[in-house]
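Chemist: My structure is below; once you've seen it, I'll send some questions.
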There are 2 protein chains.
Amino acid sequence: MSEYRFLFELALILLSTKLFGLATKKFNMPQVVGALLAGVILGPAVLGVMSETSFITEVAEIGVIVLMFCAGMETDVNELKRSGAASCLIAVAGVVVPIIGGFGVAYFFNKPDMIASDAASSIFLQNIFIGIILTATSVSITVETLKEIGKLKTASGNAILGAAIIDDILGIIALTVITSMADSSVKIGVVLVKIVAFFAVAAVAGFLFYKFYVSWFERSGKGMHRHSIVVFVFCLLMSYIAEEFFGVADITGAFIAGLIVSCTHKEKYVSAKFDTLSYLLLSPVFFASIGLKVELPKMNLTLVTFAVVLTVVAILTKVVGCGIGSLLCKYEMMDSIRIGVGMVSRGEVALIVASKGAAVGLLGSNFLGPVVIVVLITTIITPILLKIVYRDGKHEIQEKTVENGFGQGFERLDDLRRK
Amino acid sequence: MSEYRFLFELALILLSTKLFGLATKKFNMPQVVGALLAGVILGPAVLGVMSETSFITEVAEIGVIVLMFCAGMETDVNELKRSGAASCLIAVAGVVVPIIGGFGVAYFFNKPDMIASDAASSIFLQNIFIGIILTATSVSITVETLKEIGKLKTASGNAILGAAIIDDILGIIALTVITSMADSSVKIGVVLVKIVAFFAVAAVAGFLFYKFYVSWFERSGKGMHRHSIVVFVFCLLMSYIAEEFFGVADITGAFIAGLIVSCTHKEKYVSAKFDTLSYLLLSPVFFASIGLKVELPKMNLTLVTFAVVLTVVAILTKVVGCGIGSLLCKYEMMDSIRIGVGMVSRGEVALIVASKGAAVGLLGSNFLGPVVIVVLITTIITPILLKIVYRDGKHEIQEKTVENGFGQGFERLDDLRRK
């Protein structure tokens, strides 16, 4: 392969994600669906003209970091705190219900006379693990869709963001617990301490950065190149530290960095710059890279049936789980459905979880194909469903925006307590 | 090395290039000097905390492509055409004089009792090759400096751009001629045909893109994301095609793409977007990557002497060669000096030429160290010298801007003809 081929591949990614994006827009679907499809079509699943290179992987990683960083900057941290209790409940319900659902489907299919597994662990752990794969949430697709349709700053949008961050933490814990059962070198205590330590370090680093940035921004004149660069450095370091030293997802670090920058109230200037960086280079590469990861394996009828059932269960358990969580927090029915739908996408997170499970003997190799199907369908269907549930005219009046009805979940919990 | 280390390295590059840039600015030097030094200090030459990875190489490549693309967009193509004859003469003089100078220095030093060469070719070809290394011009440093001090759109800035493009072509031809002497598989005829073919293809592609873009831009509404993306795709494809199919530098393809976009007169909106992309991510990586390439080898006194002499000759021959070319085209003395100084930087181009020469036996391995010294010093000194020669108060009045005195070189050639 020529040393300059990455220029051609980048051109192809930019062109095809935009063309497919415009095409899906014509059919009233979000552009992000087109961008995902572009990757699937260019990649090994269909045409095979391109596969994931380390260049694409790394630019994509920066892409999803910047995406979550921008989402953080657009979030009002006080409102997020206020809806924190609600987000927790939504996340917990959105983890428990899919584990049960996934376990149920696996319990039925994971038998020698149905699908023979070649994994080393006990069948019980294997079935739990299928459930854990279904807990993964890839919020980036939802963030991009909500941005595109202008609903990121709604009460439901905020609840999704909060719940996704907590979901990520719960996912790490669940993955660690089951891995420690299969692999004795993994210590659940260490993992929990690390997660707590990360939030402590993030709080201190965030406070120091906030103090430094506000005073420096005032001193050095407004809106200069250096401000965007310093903010970007902070975002990259928070992402790196999260992954490298605390085992927390880099996008969680990036989101928290964005939240801290949003507190400075200087974020308008920088966020416009990151928006350009994102749409012109980073996010097309990120969305295409998800599609490029998809390799469709050969599957027999039982595996296909399993894949279809698992996909349906994956969608329903998230909608029902997070939906029930939202209803318990007194969100309106329509908003509860929106929150549930926003958590459906499994994206690259589920693929990473699955590959880790396969490595430690928790997932049979022939189960990887169905997992890919689940990821592909939930990822592509999420933006489509989101557009539908946010469009529903009947409930337009109940739309709660940051400005007027935000943090309602928390206020209602308060009401509940008072009763 | 951790799979997330590139995030840390990117943060380090962004932070250090900015800090060093601000430091050099304090000392009245262009920020690009600081950015170059940041790379040298982080890299194997000094601290060794970072070395060039494929991620850095590829992002840097896109960085220099976008830099030259922006330079193309900012250039007035009609003015460039008008100064074409002058640029040609400047480029030719700027190639011939350094070849002679480099040959002279090598003739004196490249002897068994001075510096024993282990290269396979004849001493005569080896000495010519040292001269050819000195013909390389890395215009990107100059472009960034001129942008920074607001002098890119001057008559001299334009002459530098035009001459650098032609210099690149002449450099390819010179390199091919000498390589074909050392390596019989290289055919000079094929190379010349390819160069001509590239400009023919570029003209046709440019014309088609121009027609498409102007009518589409009008139809689809102004200033949308898709315009920047389509323009970026065009730039990347022109760069890729230049390198891959015609053996011309990718930055030449990018510059021509920029020129074509500038003809559409729709470039203001897109060029602001590329500016953000450039300063926030791409160009810091590019400038740091040049410094990261520098590895200082152990050298004895003779080699150090050779390096110093070669550096002085490298600087003088470009200033004198291009300066004389400019004077012949009736540029003012001060502008001639500016043009000469603008062509001094050898940057990564000379390193590439040298490594190709070493591969085919035209350059002894112990000569690589001195070449690195030449590249490092000429690259760092160019922005410093440029700032000095463009600052000179006495000649401020003679400053020719695009608006009033552009294309003077050509008009004067016309005057000359009429006389």
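Labels for the structure tokens follow display order: chains A, B, ..., residues from 1 in each chain, ligands from 1.
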Extract, using only C-alpha atoms, all DNA, RNA and protein residues at most 9 Å from Asp275 (chain B), discarding same-chain residues fewer than 3 positions from it, and format them as a list of chain:residue names.
Modeler: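 Contacts, in chain order: B:Val66, B:Leu67, B:Cys70, B:Val270, B:Ser271, B:Ala272, B:Ser278, B:Tyr279, B:Leu280.
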Chemist: Once you have the residues from the selection above, write them out as a compact mmCIF listing (two decimals), in the first residue's frame, restricted to C-alpha atoms.
Modeler:
# COMPACT_ATOMS: atom_id res chain seq x y z
CA VAL B 66 -3.67 22.38 4.16
CA LEU B 67 -1.01 25.05 4.69
CA CYS B 70 -4.53 27.96 2.09
CA VAL B 270 -13.95 28.13 3.27
CA SER B 271 -10.52 29.59 3.91
CA ALA B 272 -11.61 30.76 7.38
CA SER B 278 -4.84 24.38 10.63
CA TYR B 279 -3.97 26.28 13.80
CA LEU B 280 -6.00 24.12 16.17
Chemist: Just the residues within 6 Å of region 140-150 of chain B, please, counting only C-alpha atoms, with nothing from its chain fewer than 2 positions along; format it as a ChimeraX atom specification.
Modeler: /B:138,152,342,383
Chemist: Write the residues you've just listed into a file as a short mmCIF file (atom, residue, chain, number, x, y, z; two decimals), in the first residue's frame, and include all heavy atoms for each of them.
Modeler:
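Okay, again_37.cif is ready:
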data_model
loop_
_atom_site.label_atom_id
_atom_site.label_comp_id
_atom_site.auth_asym_id
_atom_site.auth_seq_id
_atom_site.Cartn_x
_atom_site.Cartn_y
_atom_site.Cartn_z
N SER B 138 11.95 24.45 1.13
CA SER B 138 10.75 24.09 1.88
C SER B 138 9.99 25.37 2.14
O SER B 138 10.27 26.10 3.07
CB SER B 138 11.15 23.43 3.18
OG SER B 138 10.01 23.30 4.00
N LEU B 152 2.18 37.89 3.16
CA LEU B 152 2.07 36.87 2.13
C LEU B 152 1.56 37.46 0.82
O LEU B 152 1.96 37.03 -0.26
CB LEU B 152 1.12 35.74 2.61
CG LEU B 152 1.05 34.50 1.74
CD1 LEU B 152 2.42 33.86 1.59
CD2 LEU B 152 0.08 33.48 2.32
N GLY B 342 13.49 34.25 1.54
CA GLY B 342 12.30 33.39 1.61
C GLY B 342 12.54 31.99 1.08
O GLY B 342 11.80 31.06 1.39
N PRO B 383 12.67 32.04 9.17
CA PRO B 383 11.66 32.96 9.71
C PRO B 383 12.28 34.15 10.44
O PRO B 383 11.75 35.25 10.38
CB PRO B 383 10.85 32.09 10.67
CG PRO B 383 11.52 30.78 10.74
CD PRO B 383 12.48 30.66 9.63
#
Chemist: Identify, with DSSP run on backbone atoms, the residues in region 305-360 of chain A assigned to alpha helix (DSSP H), and express the list as a count of residues only.
Modeler: 47
Chemist: Should the cut-off be 7 Å, what would the residue list for chain A against chain B look like, counting only C-alpha atoms, as a PyMOL selection string?
Modeler: chain A and resi 4+7-8+11+14-15+55+229-230+233+236-237+240+273+276-277+280
Chemist: For the residues in the current selection, export N, CA and C atoms as a PDB file, in the first residue's frame.
Modeler:
ATOM      1  N   TYR A   4       1.093   7.281   0.577  1.00  0.00           N
ATOM      2  CA  TYR A   4       0.190   8.432   0.490  1.00  0.00           C
ATOM      3  C   TYR A   4      -1.269   8.035   0.408  1.00  0.00           C
ATOM      4  N   LEU A   7      -4.250   9.806   2.173  1.00  0.00           N
ATOM      5  CA  LEU A   7      -4.855  11.035   1.647  1.00  0.00           C
ATOM      6  C   LEU A   7      -6.082  10.691   0.812  1.00  0.00           C
ATOM      7  N   PHE A   8      -5.929   9.654   0.003  1.00  0.00           N
ATOM      8  CA  PHE A   8      -7.038   9.194  -0.837  1.00  0.00           C
ATOM      9  C   PHE A   8      -8.184   8.681   0.037  1.00  0.00           C
ATOM     10  N   ALA A  11     -10.024  11.506   1.651  1.00  0.00           N
ATOM     11  CA  ALA A  11     -10.900  12.160   0.671  1.00  0.00           C
ATOM     12  C   ALA A  11     -12.166  11.328   0.457  1.00  0.00           C
ATOM     13  N   LEU A  14     -14.488  11.616   3.525  1.00  0.00           N
ATOM     14  CA  LEU A  14     -15.168  12.912   3.604  1.00  0.00           C
ATOM     15  C   LEU A  14     -16.277  13.002   2.565  1.00  0.00           C
ATOM     16  N   LEU A  15     -15.960  12.556   1.347  1.00  0.00           N
ATOM     17  CA  LEU A  15     -16.933  12.664   0.266  1.00  0.00           C
ATOM     18  C   LEU A  15     -18.121  11.738   0.495  1.00  0.00           C
ATOM     19  N   PHE A  55      -4.173   5.133  11.230  1.00  0.00           N
ATOM     20  CA  PHE A  55      -4.456   6.557  11.035  1.00  0.00           C
ATOM     21  C   PHE A  55      -5.939   6.836  11.262  1.00  0.00           C
ATOM     22  N   ILE A 229      -6.442  26.451  21.960  1.00  0.00           N
ATOM     23  CA  ILE A 229      -5.398  25.428  22.063  1.00  0.00           C
ATOM     24  C   ILE A 229      -5.254  24.941  23.501  1.00  0.00           C
ATOM     25  N   VAL A 230      -5.271  25.857  24.453  1.00  0.00           N
ATOM     26  CA  VAL A 230      -5.145  25.456  25.861  1.00  0.00           C
ATOM     27  C   VAL A 230      -6.321  24.569  26.273  1.00  0.00           C
ATOM     28  N   VAL A 233      -5.827  21.141  24.775  1.00  0.00           N
ATOM     29  CA  VAL A 233      -4.807  20.399  25.530  1.00  0.00           C
ATOM     30  C   VAL A 233      -5.427  19.819  26.803  1.00  0.00           C
ATOM     31  N   LEU A 236      -7.588  16.833  25.862  1.00  0.00           N
ATOM     32  CA  LEU A 236      -6.802  15.650  25.489  1.00  0.00           C
ATOM     33  C   LEU A 236      -6.166  15.010  26.716  1.00  0.00           C
ATOM     34  N   LEU A 237      -5.660  15.835  27.621  1.00  0.00           N
ATOM     35  CA  LEU A 237      -5.017  15.275  28.814  1.00  0.00           C
ATOM     36  C   LEU A 237      -6.031  14.578  29.708  1.00  0.00           C
ATOM     37  N   TYR A 240      -6.805  11.283  28.093  1.00  0.00           N
ATOM     38  CA  TYR A 240      -5.678  10.361  28.207  1.00  0.00           C
ATOM     39  C   TYR A 240      -5.564   9.810  29.620  1.00  0.00           C
ATOM     40  N   LYS A 273     -14.977  26.957  17.270  1.00  0.00           N
ATOM     41  CA  LYS A 273     -13.755  26.471  16.621  1.00  0.00           C
ATOM     42  C   LYS A 273     -13.747  24.941  16.569  1.00  0.00           C
ATOM     43  N   THR A 276     -15.938  23.449  13.872  1.00  0.00           N
ATOM     44  CA  THR A 276     -15.308  23.402  12.543  1.00  0.00           C
ATOM     45  C   THR A 276     -14.361  22.214  12.446  1.00  0.00           C
ATOM     46  N   LEU A 277     -13.502  22.080  13.447  1.00  0.00           N
ATOM     47  CA  LEU A 277     -12.546  20.970  13.479  1.00  0.00           C
ATOM     48  C   LEU A 277     -13.278  19.640  13.334  1.00  0.00           C
ATOM     49  N   LEU A 280     -15.281  19.212   9.698  1.00  0.00           N
ATOM     50  CA  LEU A 280     -14.436  19.278   8.505  1.00  0.00           C
ATOM     51  C   LEU A 280     -13.453  18.118   8.419  1.00  0.00           C
TER      52      LEU A 280
END
Chemist: For CA of Gly72 (chain B) and CA of Ala254 (chain B), quote the distance in Å rounded to one decimal.
Modeler: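 Pair CA of Gly72 (chain B) / CA of Ala254 (chain B) returns 7.6 Å.
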Chemist: Might you pull out every residue within 8 Å of region 30-42 of chain B, with only C-alpha atoms counted and same-chain residues fewer than 5 positions away left off, and present them as a PyMOL selection string?
Modeler: chain B and resi 13+16-25+47-51+141+144-145+148-149+284+287-294+380+383-384+387
Chemist: Ranking A:Thr135, A:Asn28, A:Ser184, A:Gln126 by minimum distance to Gly357 (chain A) and counting only C-alpha atoms, which one comes first?
Modeler: A:Gln126
Chemist: List the neighbours of Ile128 (chain B) out to 12 Å using only C-alpha atoms; skip same-chain residues closer than 3 positions along the sequence, and give me the result as a VMD selection string.
Modeler: chain B and resid 96 98 to 107 110 121 to 125 131 to 135 174 to 175 177 to 179 181 to 182 357 362 to 363
Chemist: One decimal, in Å: what's the spacing between CA of Leu327 (chain B) and CA of Ile256 (chain B)?
Modeler: 26.6 Å
